[in-house]
Amino acid sequence: MKKIIKLRKLAGDFAENKDIAKKLRIEKIMPALSKGDEVILDFDGVKGATQSFIHALISDPIRELRDVAFNNLAYKNSNAEIREIISIVYRYMQESLNATSED
Amino acid sequence: MRVHLSNHGQLRNFKSFVGSLDFSHPEKLEISTHDKWVTVHPANLVIAAALAIQVGKENTEIIGEVPDTGRYLDRMGLYELVRTPSPFIYHKKEEAGRFVPIKVIKTSEDQSRFITDVIPLLHLSEKNTIVVKYIIGELVRNVLEHSFAEDGAIVAAQYYKKTNRVSIGICDSGIGIWKSLNTYWHPKTDIDAIKLALTPGVTGTTRKEGGTAENAGAGLFFIKSIAKITRNYFVIYSGSAEYTLLKYDKRVKISPRLYADPDRDSHSETNTVPSFQGTLVAVDISLDETKELNELLASIGEVYDKAIRERKRARYKKPRFI
């Protein structure tokens with residue numbers, strides 16, 4: 001199954017409301033990924049996002065589900081800024097996962 | 001309490017402004033101005049506003065002679081928070097589109113409305129609007145999540161056409177940075193707390209690398225870095241401490257280098273200014289110096305990763321040499 005989440009409608013053209021990110025994560029992203037579904041976050045119409053928003057959206061799936069999140073979570077229509085923020089969150093979450101496993 | 005708005009209210013002089021604050025007699029607030037000329041940064045305004053909201057309009061007044069330039073205080077909404085009537089008469093639309101007057105943001109819905117409806121009033125290019133939305137979005141969210149301030153975040157911003165610069169001030173009268181970080185990080189002093197808050201990966205909600213599901217401890221580091229790359233001032237004031245990131249010389253062609261450790265940045269600091277119950281963050285952004293946001297974020301992200309890697313390495317087991 002493929003679940004497409006259109007962020008413009010939920011978070012506006014600048015995604016900064018972490019409450020919305022948290023709700024999406026808990027109610028849509030985590031349950032779908034946990035079932036083995038593919039989740040596509042569609043940023044069509046979203047011009048920017050804060051690092052906090054993206055962190056609240058995807059850091060827990062990465063921490064909790066690791067490869068399931070890496071394999072089944074995809075991003076569509078993200079502009080250069082949003083791609084950069086998503087990449088930053090991916091990098092530091094993987095660094096911190098390694099740190100936790102080495103502790 | 002007393003706040004004096006001088007004729008040199010830029011961020012570079014913020015330490016002297018803070019040094020002049022008087023928090024005695026917390027039941028009332030007197031705001032005075034220079035008698036010939038008043039220049040205020042949004043940072044000075046939001047501190048005055050936060051204190052005025054705290055003590056109430058009936059206990060706040062603007063005293064002494066206010067010069068003609070004081071009409072700016074009226075335009076920015078300060079007179080709405082004090083019992084002193086405004087002596088200024090002017091067309092309020094004169095300066096429309098160049099500033100964001102004092103606003104109080106108490107909820108994430110308020111914040112989203114502010115970002116969507118108010119920031120466009122600065123009439124910046126789309127690229128610069130995104131940078132300003134990013135900064136205000138992160139800073140206001142910090143207040144809403146970590147300050148426990150009953151009065152919320154008090155925000156003001158100003159666009160200066162001549163220097164093509166946006167100045168932003170955000171203030172709260174909440175628990176302050178030291179208390180916010182104390183549960184997990186136990187900073188000794190207010191200045192230690194500020195420097196911890198500026199360090200990548202440090203959040204008041206955990207000591208775990210990568211933070212929690214909601215917090216990574218990246219917000220302030222990112223904003224300070226944006227100010228540094230765009231060669232501007234960045235200020236934090238909380239408790240009896242104040243940290244000012246100094247402006248990187250525009251004549252130096254090489255792009256400013258980012259550091260994870262705020263001690264390595266060219267800055268001034270003090271731990272002996274009058275103790276403010278809350279937090280103030282202010283930043284100037286030169287729009288001429290603003291690269292594409294993704295380029296800014298890429299440079300900041302690299303330093304952030306490096307900081308986490310270095311902290312990780314610091315915990316590696318060491319060989320026992322005997």
# chains A, B, ... in the order shown; residues from 1 in each chain; ligands from 1
$ interface_residues --of "chain B" --to "chain A" --cutoff "9 Å" --atoms "only C-alpha atoms" --output "NGL selection string"
:B and (108-109 or 111-112 or 115-116 or 130-131 or 133-135 or 137-138 or 141 or 208-219 or 222 or 292-295 or 297-298 or 301-302 or 304-305 or 308-309 or 311-313 or 315-316)
$ residues_around --residues "B:Ile177" --least-positions-apart "5" --cutoff "7 Å" --atoms "only C-alpha atoms" --output "count of residues only"
4
$ residues_around --residues "stretch 233-235 of chain B" --least-positions-apart "2" --cutoff "9 Å" --atoms "only C-alpha atoms" --output "list in words"
Leu11, Arg12, Phe14, Ala43, Ile223, Lys224, Ala227, Lys228, Arg231, Tyr237, Glu242, Tyr243, Thr244, Leu245, Leu246, Lys247, Tyr248, Leu280, Val281, Ala282, Val283, Asp284 and Ile285 of chain B
$ write_last_selection --atoms "C-alpha atoms" --output "short mmCIF file (atom, residue, chain, number, x, y, z; two decimals), in the first residue's frame"
data_model
loop_
_atom_site.label_atom_id
_atom_site.label_comp_id
_atom_site.auth_asym_id
_atom_site.auth_seq_id
_atom_site.Cartn_x
_atom_site.Cartn_y
_atom_site.Cartn_z
CA LEU B 11 22.28 45.64 18.66
CA ARG B 12 25.95 46.57 18.82
CA PHE B 14 22.76 46.10 23.41
CA ALA B 43 15.01 43.92 20.82
CA ILE B 223 19.78 31.13 13.81
CA LYS B 224 23.14 32.21 15.24
CA ALA B 227 23.42 35.73 11.50
CA LYS B 228 27.12 34.89 11.28
CA ARG B 231 27.66 39.05 8.83
CA TYR B 237 19.90 37.82 27.11
CA GLU B 242 24.14 38.42 27.81
CA TYR B 243 25.92 37.00 24.73
CA THR B 244 26.45 39.05 21.58
CA LEU B 245 27.78 37.47 18.40
CA LEU B 246 29.88 40.22 16.88
CA LYS B 247 29.56 41.29 13.30
CA TYR B 248 31.96 39.60 10.87
CA LEU B 280 15.38 37.80 24.77
CA VAL B 281 16.75 36.77 21.39
CA ALA B 282 17.48 39.32 18.69
CA VAL B 283 19.06 39.14 15.29
CA ASP B 284 19.85 41.36 12.32
CA ILE B 285 19.80 39.92 8.82
#
$ residues_around --residues "B:Gly152" --least-positions-apart "4" --cutoff "9 Å" --atoms "only C-alpha atoms" --output "PyMOL selection string"
chain B and resi 104-107+140+143-144+147-148+171-174
$ closest_residue --among "A:Phe70, A:Ser78, A:Ile5, A:Tyr90" --to "A:Glu27" --atoms "only C-alpha atoms"
A:Ile5
$ select_by_dssp --residues "chain A" --states "strand (DSSP E or B)" --output "PDB file with all heavy atoms, in the first residue's frame"
ATOM      1  N   LYS A   2       0.372   2.283  -0.646  1.00  0.00           N
ATOM      2  CA  LYS A   2       1.109   3.539  -0.692  1.00  0.00           C
ATOM      3  C   LYS A   2       0.238   4.640  -0.089  1.00  0.00           C
ATOM      4  O   LYS A   2      -0.910   4.798  -0.478  1.00  0.00           O
ATOM      5  CB  LYS A   2       1.419   3.852  -2.161  1.00  0.00           C
ATOM      6  CG  LYS A   2       2.382   4.982  -2.353  1.00  0.00           C
ATOM      7  CD  LYS A   2       2.569   5.286  -3.819  1.00  0.00           C
ATOM      8  CE  LYS A   2       3.553   4.330  -4.480  1.00  0.00           C
ATOM      9  NZ  LYS A   2       3.842   4.706  -5.877  1.00  0.00           N
ATOM     10  N   LYS A   3       0.798   5.367   0.889  1.00  0.00           N
ATOM     11  CA  LYS A   3       0.016   6.450   1.501  1.00  0.00           C
ATOM     12  C   LYS A   3       0.664   7.781   1.132  1.00  0.00           C
ATOM     13  O   LYS A   3       1.839   8.010   1.431  1.00  0.00           O
ATOM     14  CB  LYS A   3       0.010   6.258   3.016  1.00  0.00           C
ATOM     15  CG  LYS A   3      -0.922   7.220   3.723  1.00  0.00           C
ATOM     16  CD  LYS A   3      -1.066   6.863   5.187  1.00  0.00           C
ATOM     17  CE  LYS A   3      -2.099   7.712   5.875  1.00  0.00           C
ATOM     18  NZ  LYS A   3      -3.464   7.510   5.407  1.00  0.00           N
ATOM     19  N   ILE A   4      -0.104   8.630   0.479  1.00  0.00           N
ATOM     20  CA  ILE A   4       0.437   9.940   0.095  1.00  0.00           C
ATOM     21  C   ILE A   4      -0.114  11.006   1.045  1.00  0.00           C
ATOM     22  O   ILE A   4      -1.332  11.121   1.220  1.00  0.00           O
ATOM     23  CB  ILE A   4       0.075  10.284  -1.367  1.00  0.00           C
ATOM     24  CG1 ILE A   4       0.680   9.215  -2.301  1.00  0.00           C
ATOM     25  CG2 ILE A   4       0.594  11.672  -1.749  1.00  0.00           C
ATOM     26  CD1 ILE A   4       0.282   9.339  -3.751  1.00  0.00           C
ATOM     27  N   ILE A   5       0.791  11.771   1.663  1.00  0.00           N
ATOM     28  CA  ILE A   5       0.346  12.835   2.577  1.00  0.00           C
ATOM     29  C   ILE A   5       0.695  14.180   1.948  1.00  0.00           C
ATOM     30  O   ILE A   5       1.869  14.488   1.739  1.00  0.00           O
ATOM     31  CB  ILE A   5       1.023  12.683   3.961  1.00  0.00           C
ATOM     32  CG1 ILE A   5       0.642  11.326   4.581  1.00  0.00           C
ATOM     33  CG2 ILE A   5       0.624  13.824   4.896  1.00  0.00           C
ATOM     34  CD1 ILE A   5       1.406  10.968   5.839  1.00  0.00           C
ATOM     35  N   LYS A   6      -0.326  14.945   1.635  1.00  0.00           N
ATOM     36  CA  LYS A   6      -0.098  16.253   0.997  1.00  0.00           C
ATOM     37  C   LYS A   6       0.044  17.307   2.087  1.00  0.00           C
ATOM     38  O   LYS A   6      -0.907  17.614   2.798  1.00  0.00           O
ATOM     39  CB  LYS A   6      -1.257  16.583   0.053  1.00  0.00           C
ATOM     40  CG  LYS A   6      -1.273  15.708  -1.188  1.00  0.00           C
ATOM     41  CD  LYS A   6      -2.327  16.172  -2.173  1.00  0.00           C
ATOM     42  CE  LYS A   6      -2.328  15.347  -3.438  1.00  0.00           C
ATOM     43  NZ  LYS A   6      -1.135  15.479  -4.261  1.00  0.00           N
ATOM     44  N   PHE A  14       4.339  27.478   4.398  1.00  0.00           N
ATOM     45  CA  PHE A  14       5.597  27.443   5.157  1.00  0.00           C
ATOM     46  C   PHE A  14       5.353  26.536   6.363  1.00  0.00           C
ATOM     47  O   PHE A  14       4.575  26.877   7.257  1.00  0.00           O
ATOM     48  CB  PHE A  14       6.030  28.849   5.596  1.00  0.00           C
ATOM     49  CG  PHE A  14       7.378  28.841   6.230  1.00  0.00           C
ATOM     50  CD1 PHE A  14       8.523  28.817   5.453  1.00  0.00           C
ATOM     51  CD2 PHE A  14       7.521  28.801   7.611  1.00  0.00           C
ATOM     52  CE1 PHE A  14       9.780  28.762   6.034  1.00  0.00           C
ATOM     53  CE2 PHE A  14       8.769  28.749   8.200  1.00  0.00           C
ATOM     54  CZ  PHE A  14       9.913  28.734   7.406  1.00  0.00           C
ATOM     55  N   ALA A  15       5.992  25.406   6.378  1.00  0.00           N
ATOM     56  CA  ALA A  15       5.687  24.389   7.396  1.00  0.00           C
ATOM     57  C   ALA A  15       6.506  24.644   8.652  1.00  0.00           C
ATOM     58  O   ALA A  15       7.722  24.427   8.652  1.00  0.00           O
ATOM     59  CB  ALA A  15       5.976  23.003   6.832  1.00  0.00           C
ATOM     60  N   GLU A  38       4.207   2.041   2.202  1.00  0.00           N
ATOM     61  CA  GLU A  38       5.108   3.115   1.774  1.00  0.00           C
ATOM     62  C   GLU A  38       4.415   4.452   2.073  1.00  0.00           C
ATOM     63  O   GLU A  38       3.203   4.582   1.855  1.00  0.00           O
ATOM     64  CB  GLU A  38       5.386   3.000   0.278  1.00  0.00           C
ATOM     65  CG  GLU A  38       6.434   3.982  -0.191  1.00  0.00           C
ATOM     66  CD  GLU A  38       6.701   3.915  -1.691  1.00  0.00           C
ATOM     67  OE1 GLU A  38       6.011   3.146  -2.384  1.00  0.00           O
ATOM     68  OE2 GLU A  38       7.588   4.651  -2.147  1.00  0.00           O
ATOM     69  N   VAL A  39       5.176   5.419   2.596  1.00  0.00           N
ATOM     70  CA  VAL A  39       4.595   6.731   2.898  1.00  0.00           C
ATOM     71  C   VAL A  39       5.303   7.786   2.042  1.00  0.00           C
ATOM     72  O   VAL A  39       6.534   7.868   2.046  1.00  0.00           O
ATOM     73  CB  VAL A  39       4.749   7.093   4.395  1.00  0.00           C
ATOM     74  CG1 VAL A  39       4.239   8.506   4.668  1.00  0.00           C
ATOM     75  CG2 VAL A  39       3.998   6.092   5.264  1.00  0.00           C
ATOM     76  N   ILE A  40       4.517   8.545   1.312  1.00  0.00           N
ATOM     77  CA  ILE A  40       5.101   9.606   0.488  1.00  0.00           C
ATOM     78  C   ILE A  40       4.659  10.955   1.042  1.00  0.00           C
ATOM     79  O   ILE A  40       3.456  11.244   1.126  1.00  0.00           O
ATOM     80  CB  ILE A  40       4.685   9.450  -0.987  1.00  0.00           C
ATOM     81  CG1 ILE A  40       5.297   8.138  -1.499  1.00  0.00           C
ATOM     82  CG2 ILE A  40       5.170  10.631  -1.823  1.00  0.00           C
ATOM     83  CD1 ILE A  40       4.826   7.718  -2.847  1.00  0.00           C
ATOM     84  N   LEU A  41       5.632  11.749   1.455  1.00  0.00           N
ATOM     85  CA  LEU A  41       5.326  13.095   1.946  1.00  0.00           C
ATOM     86  C   LEU A  41       5.439  14.033   0.751  1.00  0.00           C
ATOM     87  O   LEU A  41       6.527  14.228   0.199  1.00  0.00           O
ATOM     88  CB  LEU A  41       6.292  13.484   3.063  1.00  0.00           C
ATOM     89  CG  LEU A  41       6.226  12.586   4.313  1.00  0.00           C
ATOM     90  CD1 LEU A  41       7.317  12.968   5.305  1.00  0.00           C
ATOM     91  CD2 LEU A  41       4.868  12.676   4.983  1.00  0.00           C
ATOM     92  N   ASP A  42       4.317  14.603   0.366  1.00  0.00           N
ATOM     93  CA  ASP A  42       4.266  15.426  -0.835  1.00  0.00           C
ATOM     94  C   ASP A  42       4.303  16.915  -0.441  1.00  0.00           C
ATOM     95  O   ASP A  42       3.375  17.422   0.184  1.00  0.00           O
ATOM     96  CB  ASP A  42       2.989  15.110  -1.610  1.00  0.00           C
ATOM     97  CG  ASP A  42       2.945  15.808  -2.964  1.00  0.00           C
ATOM     98  OD1 ASP A  42       3.769  16.733  -3.180  1.00  0.00           O
ATOM     99  OD2 ASP A  42       2.098  15.442  -3.793  1.00  0.00           O
ATOM    100  N   GLY A  48       8.736  26.444   2.139  1.00  0.00           N
ATOM    101  CA  GLY A  48       9.812  26.328   3.129  1.00  0.00           C
ATOM    102  C   GLY A  48       9.328  25.564   4.343  1.00  0.00           C
ATOM    103  O   GLY A  48       8.123  25.341   4.521  1.00  0.00           O
ATOM    104  N   ALA A  49      10.288  25.172   5.178  1.00  0.00           N
ATOM    105  CA  ALA A  49       9.950  24.453   6.414  1.00  0.00           C
ATOM    106  C   ALA A  49      11.065  24.705   7.409  1.00  0.00           C
ATOM    107  O   ALA A  49      12.218  24.925   7.011  1.00  0.00           O
ATOM    108  CB  ALA A  49       9.838  22.959   6.142  1.00  0.00           C
ATOM    109  N   LEU A  73       9.908   5.485   3.425  1.00  0.00           N
ATOM    110  CA  LEU A  73       9.513   6.891   3.534  1.00  0.00           C
ATOM    111  C   LEU A  73      10.157   7.653   2.365  1.00  0.00           C
ATOM    112  O   LEU A  73      11.369   7.568   2.162  1.00  0.00           O
ATOM    113  CB  LEU A  73      10.031   7.429   4.874  1.00  0.00           C
ATOM    114  CG  LEU A  73       9.494   8.723   5.473  1.00  0.00           C
ATOM    115  CD1 LEU A  73       7.972   8.774   5.499  1.00  0.00           C
ATOM    116  CD2 LEU A  73      10.026   8.873   6.900  1.00  0.00           C
ATOM    117  N   ALA A  74       9.316   8.356   1.586  1.00  0.00           N
ATOM    118  CA  ALA A  74       9.864   9.076   0.432  1.00  0.00           C
ATOM    119  C   ALA A  74       9.279  10.490   0.385  1.00  0.00           C
ATOM    120  O   ALA A  74       8.236  10.771   0.985  1.00  0.00           O
ATOM    121  CB  ALA A  74       9.533   8.322  -0.840  1.00  0.00           C
ATOM    122  N   TYR A  75       9.980  11.369  -0.295  1.00  0.00           N
ATOM    123  CA  TYR A  75       9.618  12.788  -0.320  1.00  0.00           C
ATOM    124  C   TYR A  75       9.426  13.232  -1.764  1.00  0.00           C
ATOM    125  O   TYR A  75      10.282  12.983  -2.612  1.00  0.00           O
ATOM    126  CB  TYR A  75      10.729  13.605   0.355  1.00  0.00           C
ATOM    127  CG  TYR A  75      11.056  13.042   1.710  1.00  0.00           C
ATOM    128  CD1 TYR A  75      12.053  12.065   1.853  1.00  0.00           C
ATOM    129  CD2 TYR A  75      10.331  13.406   2.834  1.00  0.00           C
ATOM    130  CE1 TYR A  75      12.330  11.490   3.081  1.00  0.00           C
ATOM    131  CE2 TYR A  75      10.598  12.840   4.068  1.00  0.00           C
ATOM    132  CZ  TYR A  75      11.595  11.884   4.183  1.00  0.00           C
ATOM    133  OH  TYR A  75      11.851  11.306   5.406  1.00  0.00           O
ATOM    134  N   LYS A  76       8.315  13.909  -2.011  1.00  0.00           N
ATOM    135  CA  LYS A  76       7.971  14.296  -3.382  1.00  0.00           C
ATOM    136  C   LYS A  76       7.804  15.813  -3.439  1.00  0.00           C
ATOM    137  O   LYS A  76       7.303  16.413  -2.480  1.00  0.00           O
ATOM    138  CB  LYS A  76       6.649  13.605  -3.735  1.00  0.00           C
ATOM    139  CG  LYS A  76       6.303  13.594  -5.187  1.00  0.00           C
ATOM    140  CD  LYS A  76       5.008  12.793  -5.375  1.00  0.00           C
ATOM    141  CE  LYS A  76       4.470  12.998  -6.768  1.00  0.00           C
ATOM    142  NZ  LYS A  76       3.162  12.385  -6.933  1.00  0.00           N
TER     143      LYS A  76
END
$ select_by_dssp --residues "stretch 235-318 of chain B" --states "helix (DSSP H, G or I)" --output "ChimeraX atom specification"
/B:262-264,287-289,293-314
$ atom_distance --atom1 "atom CA of B:Ala314" --atom2 "atom CA of B:Ile226"
27.3 Å
